[in-house]
Amino acid sequence: MPPAGLDNLRHIVVLMMENRSFDHMLGGLSLVMQSGAKKYPKTNGLTGNESNFDMNGAMIPVQPNAKFQGQLDHDPDHHFPGVDLQIFGGAPLGPGRVANMQGFIKSYTTQGTSVNASHAIMSYFPPEKLPVLTRLATEYAVFNGWFSSIPGPTICNRAFAHYGTSFGNVDMNLFYIQDPIQSIYERMLQARHTAKIYYYDQQSSTMEIVNLLKNQPQIFGSYSQFIGDCKSNTLPEYCFIEPCYNDHPGAGGGQILASDQHPDHNVQEGERFIANTYNAIRTNQELWETTAMLIVYDEHGGVYDHVVPPACESDGYTAPADKTGTGEPFKFDRLGVRVPAILVSPYIPRGTVVPGTEDSNGFIFEHACIPGTVTNFFLKNYDQRTSREKKSNNFLTPLTNTLRPDDDCWVFEV
Amino acid sequence: MKKKYKLVLKVPKTPKSAYNHGRFISSLIEHQIKHFHDVEKALLKAGQKLTDISKIKTELHASKYLKKMTALLHPQGGDKPRRAPRPSKTRSRTKTVTSRGKAKSKQSIRKRL
């Protein structure tokens, strides 16, 4: 018998934010003290001793001085060669090189920052500065071991969330899908289930342009339609939400702020967006009790994290050396840098932490787990996907038998 | 009536100074535009001019191009036009006579202006 949380589950909602690492957003949780003891000891966050060397040879430790905006105005490098430098510290290519997470400041210096400004890449938010993310992480389930799927940028990482593979791509360039692997939306619709991608508005639009929006506009909706669907109990069984990617005037006047948290967009506005999305589900009791919401970041955006990305099962593709930019091909056999991931449901006990690489019994998650879990949950047996996706871990395991009382779950006043 | 919740957390407002539509576009938005440009090329009809995306430098420029292309591919994602607020039933309406002789409320005239 599945637990009641799974038995009653009717909707899975995924909100994918942009370009922040686990340590940058949630690493401070493990440093919070209460009555002389760590308040959140199970989170694999920072000890305060993690460091990188700067270009003058000075050791720069992590610092709780992350700012909402204006600190990472030189966009940190998060393309494949840049992330390779961040993970391996610039060690020469070869089979013996060891990942040490020592190249973050070096990499940020390549973006034209001064030596002093390059230290910002080691910054993290104290939990009280991110009340929404902190509240959700500590009230529901936080994953210690959710990694981006590729040590590379947005488009190829987001592809893993939609298809369970990037079809051999490690960069931002457009690609046309030739393979028989379908997106999770197509799989759902063909099996007479419901699925949708909600982009913020037409001025912000979607990142899934050439393969999905162009060919299958019927699977799209706007964020205001998501809010309406939550109110009217017409939310699809699976949906994926994209935040606002740019600042622009509102259609009816006013100003719309980017809410994706991509540097150098305001992090507070992303907090408000997460809170609004959570509220839309939380304030409809029927929806709240039948929905699991995953908040996850597409990749680390070049910002420091201390956990070495683990090896993974290849998805069967190889990116040639001229595509990776490192001089070596990439076989999709190791993951990218760790990102924040939080699962929300009233069936999750407060303070749940899903162990990751720090625990020999831990679980490794990456974006292929999204179509993997959704497919397994709604479609059961479905074969036409990569073996990496088939073997991916189920992110719904934190759901239990016990429904928390309504008075025990928070609402945000936005 | 609005439901009362026991546990409510107030989320701070983002300062107005955070808004900057003149910000130069990131590599992410630059690639988003390139992908749309590829679609635009495919949809181009004879006599139509392709957008010169090299001129898109800021987030405002980008948002205009993204709106144009998204509306083309997904018109149902557009914002519904806002309705003018309905006048209160208890308030007496002030009527004005237009040049065509039809009576219109001051509100609807103001909206047209």
# chains A, B, ... in the order shown; residues from 1 in each chain; ligands from 1
>>> residues_around(residues="region 34-50 of chain B", least_positions_apart="4", cutoff="8 Å", atoms="only C-alpha atoms", output="list in words")
Asn173, Leu174, Ile209, Val210 and Lys214 of chain A; Glu30, Leu66 and Met69 of chain B
>>> interface_residues(of="chain B", to="chain A", cutoff="9 Å", atoms="only C-alpha atoms", output="PyMOL selection string")
chain B and resi 3+5-16+18-23+25-29+31-32+34-36+38-39+59-60+62-71+73-79+81-82
>>> write_last_selection(atoms="C-alpha atoms", output="PDB file, in the first residue's frame")
ATOM      1  CA  LYS B   3     -10.293  32.314   5.505  1.00  0.00           C
ATOM      2  CA  TYR B   5      -4.869  31.226   8.831  1.00  0.00           C
ATOM      3  CA  LYS B   6      -3.036  30.591  12.056  1.00  0.00           C
ATOM      4  CA  LEU B   7       0.526  30.639  10.737  1.00  0.00           C
ATOM      5  CA  VAL B   8       1.127  33.652   8.510  1.00  0.00           C
ATOM      6  CA  LEU B   9       4.540  34.931   7.469  1.00  0.00           C
ATOM      7  CA  LYS B  10       4.844  38.400   5.994  1.00  0.00           C
ATOM      8  CA  VAL B  11       7.168  38.560   2.983  1.00  0.00           C
ATOM      9  CA  PRO B  12       9.162  41.789   2.581  1.00  0.00           C
ATOM     10  CA  LYS B  13       8.453  43.931  -0.462  1.00  0.00           C
ATOM     11  CA  THR B  14      11.077  44.279  -3.168  1.00  0.00           C
ATOM     12  CA  PRO B  15      12.355  47.857  -3.334  1.00  0.00           C
ATOM     13  CA  LYS B  16      11.155  49.826  -6.348  1.00  0.00           C
ATOM     14  CA  ALA B  18      15.248  46.946  -8.138  1.00  0.00           C
ATOM     15  CA  TYR B  19      13.445  47.611 -11.427  1.00  0.00           C
ATOM     16  CA  ASN B  20      15.708  48.351 -14.370  1.00  0.00           C
ATOM     17  CA  HIS B  21      14.406  47.537 -17.816  1.00  0.00           C
ATOM     18  CA  GLY B  22      17.466  49.232 -19.254  1.00  0.00           C
ATOM     19  CA  ARG B  23      19.681  46.457 -17.862  1.00  0.00           C
ATOM     20  CA  ILE B  25      20.502  41.323 -21.390  1.00  0.00           C
ATOM     21  CA  SER B  26      22.231  38.261 -19.917  1.00  0.00           C
ATOM     22  CA  SER B  27      23.539  35.376 -21.968  1.00  0.00           C
ATOM     23  CA  LEU B  28      20.329  33.520 -21.054  1.00  0.00           C
ATOM     24  CA  ILE B  29      18.025  36.133 -22.612  1.00  0.00           C
ATOM     25  CA  HIS B  31      20.005  32.863 -26.336  1.00  0.00           C
ATOM     26  CA  GLN B  32      16.255  32.962 -25.749  1.00  0.00           C
ATOM     27  CA  LYS B  34      18.299  33.680 -30.804  1.00  0.00           C
ATOM     28  CA  HIS B  35      15.981  30.689 -30.451  1.00  0.00           C
ATOM     29  CA  PHE B  36      12.947  32.849 -31.227  1.00  0.00           C
ATOM     30  CA  ASP B  38      15.242  30.898 -35.596  1.00  0.00           C
ATOM     31  CA  VAL B  39      11.488  30.410 -35.346  1.00  0.00           C
ATOM     32  CA  GLU B  59      15.646  43.797 -21.135  1.00  0.00           C
ATOM     33  CA  LEU B  60      12.991  46.223 -22.399  1.00  0.00           C
ATOM     34  CA  ALA B  62      14.032  41.875 -25.312  1.00  0.00           C
ATOM     35  CA  SER B  63      10.586  41.900 -23.677  1.00  0.00           C
ATOM     36  CA  LYS B  64       9.053  43.623 -26.719  1.00  0.00           C
ATOM     37  CA  TYR B  65      10.518  41.085 -29.127  1.00  0.00           C
ATOM     38  CA  LEU B  66       9.562  38.160 -26.884  1.00  0.00           C
ATOM     39  CA  LYS B  67       5.997  39.461 -26.647  1.00  0.00           C
ATOM     40  CA  LYS B  68       5.730  39.803 -30.418  1.00  0.00           C
ATOM     41  CA  MET B  69       6.996  36.286 -31.062  1.00  0.00           C
ATOM     42  CA  THR B  70       5.133  34.622 -28.190  1.00  0.00           C
ATOM     43  CA  ALA B  71       1.863  36.272 -29.217  1.00  0.00           C
ATOM     44  CA  LEU B  73       2.950  31.294 -31.447  1.00  0.00           C
ATOM     45  CA  HIS B  74       0.664  31.360 -28.424  1.00  0.00           C
ATOM     46  CA  PRO B  75      -1.931  34.134 -28.681  1.00  0.00           C
ATOM     47  CA  GLN B  76      -4.016  32.565 -25.905  1.00  0.00           C
ATOM     48  CA  GLY B  77      -1.259  33.461 -23.416  1.00  0.00           C
ATOM     49  CA  GLY B  78      -1.946  37.167 -23.767  1.00  0.00           C
ATOM     50  CA  ASP B  79      -3.165  39.292 -20.915  1.00  0.00           C
ATOM     51  CA  PRO B  81      -7.652  43.606 -21.309  1.00  0.00           C
ATOM     52  CA  ARG B  82      -8.612  45.091 -17.995  1.00  0.00           C
TER      53      ARG B  82
END
>>> closest_residue(among="A:Gly27, A:Pro127, A:Gly253, A:Pro95", to="Phe143 (chain A)", atoms="only C-alpha atoms")
A:Gly27
>>> atom_distance(atom1="CA of Gln285 (chain A)", atom2="CA of Ile348 (chain A)")
15.8 Å
>>> atom_distance(atom1="CA of Trp146 (chain A)", atom2="CA of Val170 (chain A)")
18.7 Å
>>> residues_around(residues="Gly325 (chain A)", least_positions_apart="3", cutoff="8 Å", atoms="only C-alpha atoms", output="PyMOL selection string")
chain A and resi 80-81+321-322+328
>>> write_last_selection(atoms="N, CA and C atoms", output="PDB file, in the first residue's frame")
ATOM      1  N   PHE A  80      30.130  25.353 -19.924  1.00  0.00           N
ATOM      2  CA  PHE A  80      30.807  24.086 -19.592  1.00  0.00           C
ATOM      3  C   PHE A  80      32.275  24.275 -19.156  1.00  0.00           C
ATOM      4  N   PRO A  81      33.101  24.999 -19.926  1.00  0.00           N
ATOM      5  CA  PRO A  81      34.510  25.120 -19.500  1.00  0.00           C
ATOM      6  C   PRO A  81      34.651  25.879 -18.170  1.00  0.00           C
ATOM      7  N   ALA A 321      34.600  17.072 -28.099  1.00  0.00           N
ATOM      8  CA  ALA A 321      35.506  18.046 -27.472  1.00  0.00           C
ATOM      9  C   ALA A 321      35.277  19.468 -27.991  1.00  0.00           C
ATOM     10  N   ASP A 322      34.947  19.610 -29.271  1.00  0.00           N
ATOM     11  CA  ASP A 322      34.757  20.968 -29.803  1.00  0.00           C
ATOM     12  C   ASP A 322      33.464  21.604 -29.264  1.00  0.00           C
ATOM     13  N   GLU A 328      38.161  18.030 -24.155  1.00  0.00           N
ATOM     14  CA  GLU A 328      37.804  16.630 -23.882  1.00  0.00           C
ATOM     15  C   GLU A 328      36.329  16.415 -24.188  1.00  0.00           C
TER      16      GLU A 328
END
>>> atom_distance(atom1="CA of Cys312 (chain A)", atom2="CA of Asp333 (chain A)")
4.9 Å
>>> closest_atom_pairs(of="region 286-332 of chain A", to="region 372-383 of chain A", cutoff="12 Å", atoms="only C-alpha atoms", output="CSV")
residue,atom,partner,partner_atom,distance
A:Ala292,CA,A:Val374,CA,11.0
A:Met293,CA,A:Val374,CA,11.9
A:Leu294,CA,A:Thr373,CA,11.5
>>> write_last_selection(atoms="C-alpha atoms", output="PDB file, in the first residue's frame")
ATOM      1  CA  ALA A 292       3.188  18.051  -4.244  1.00  0.00           C
ATOM      2  CA  MET A 293       5.228  21.092  -5.265  1.00  0.00           C
ATOM      3  CA  LEU A 294       8.933  20.885  -6.072  1.00  0.00           C
TER       4      LEU A 294
END
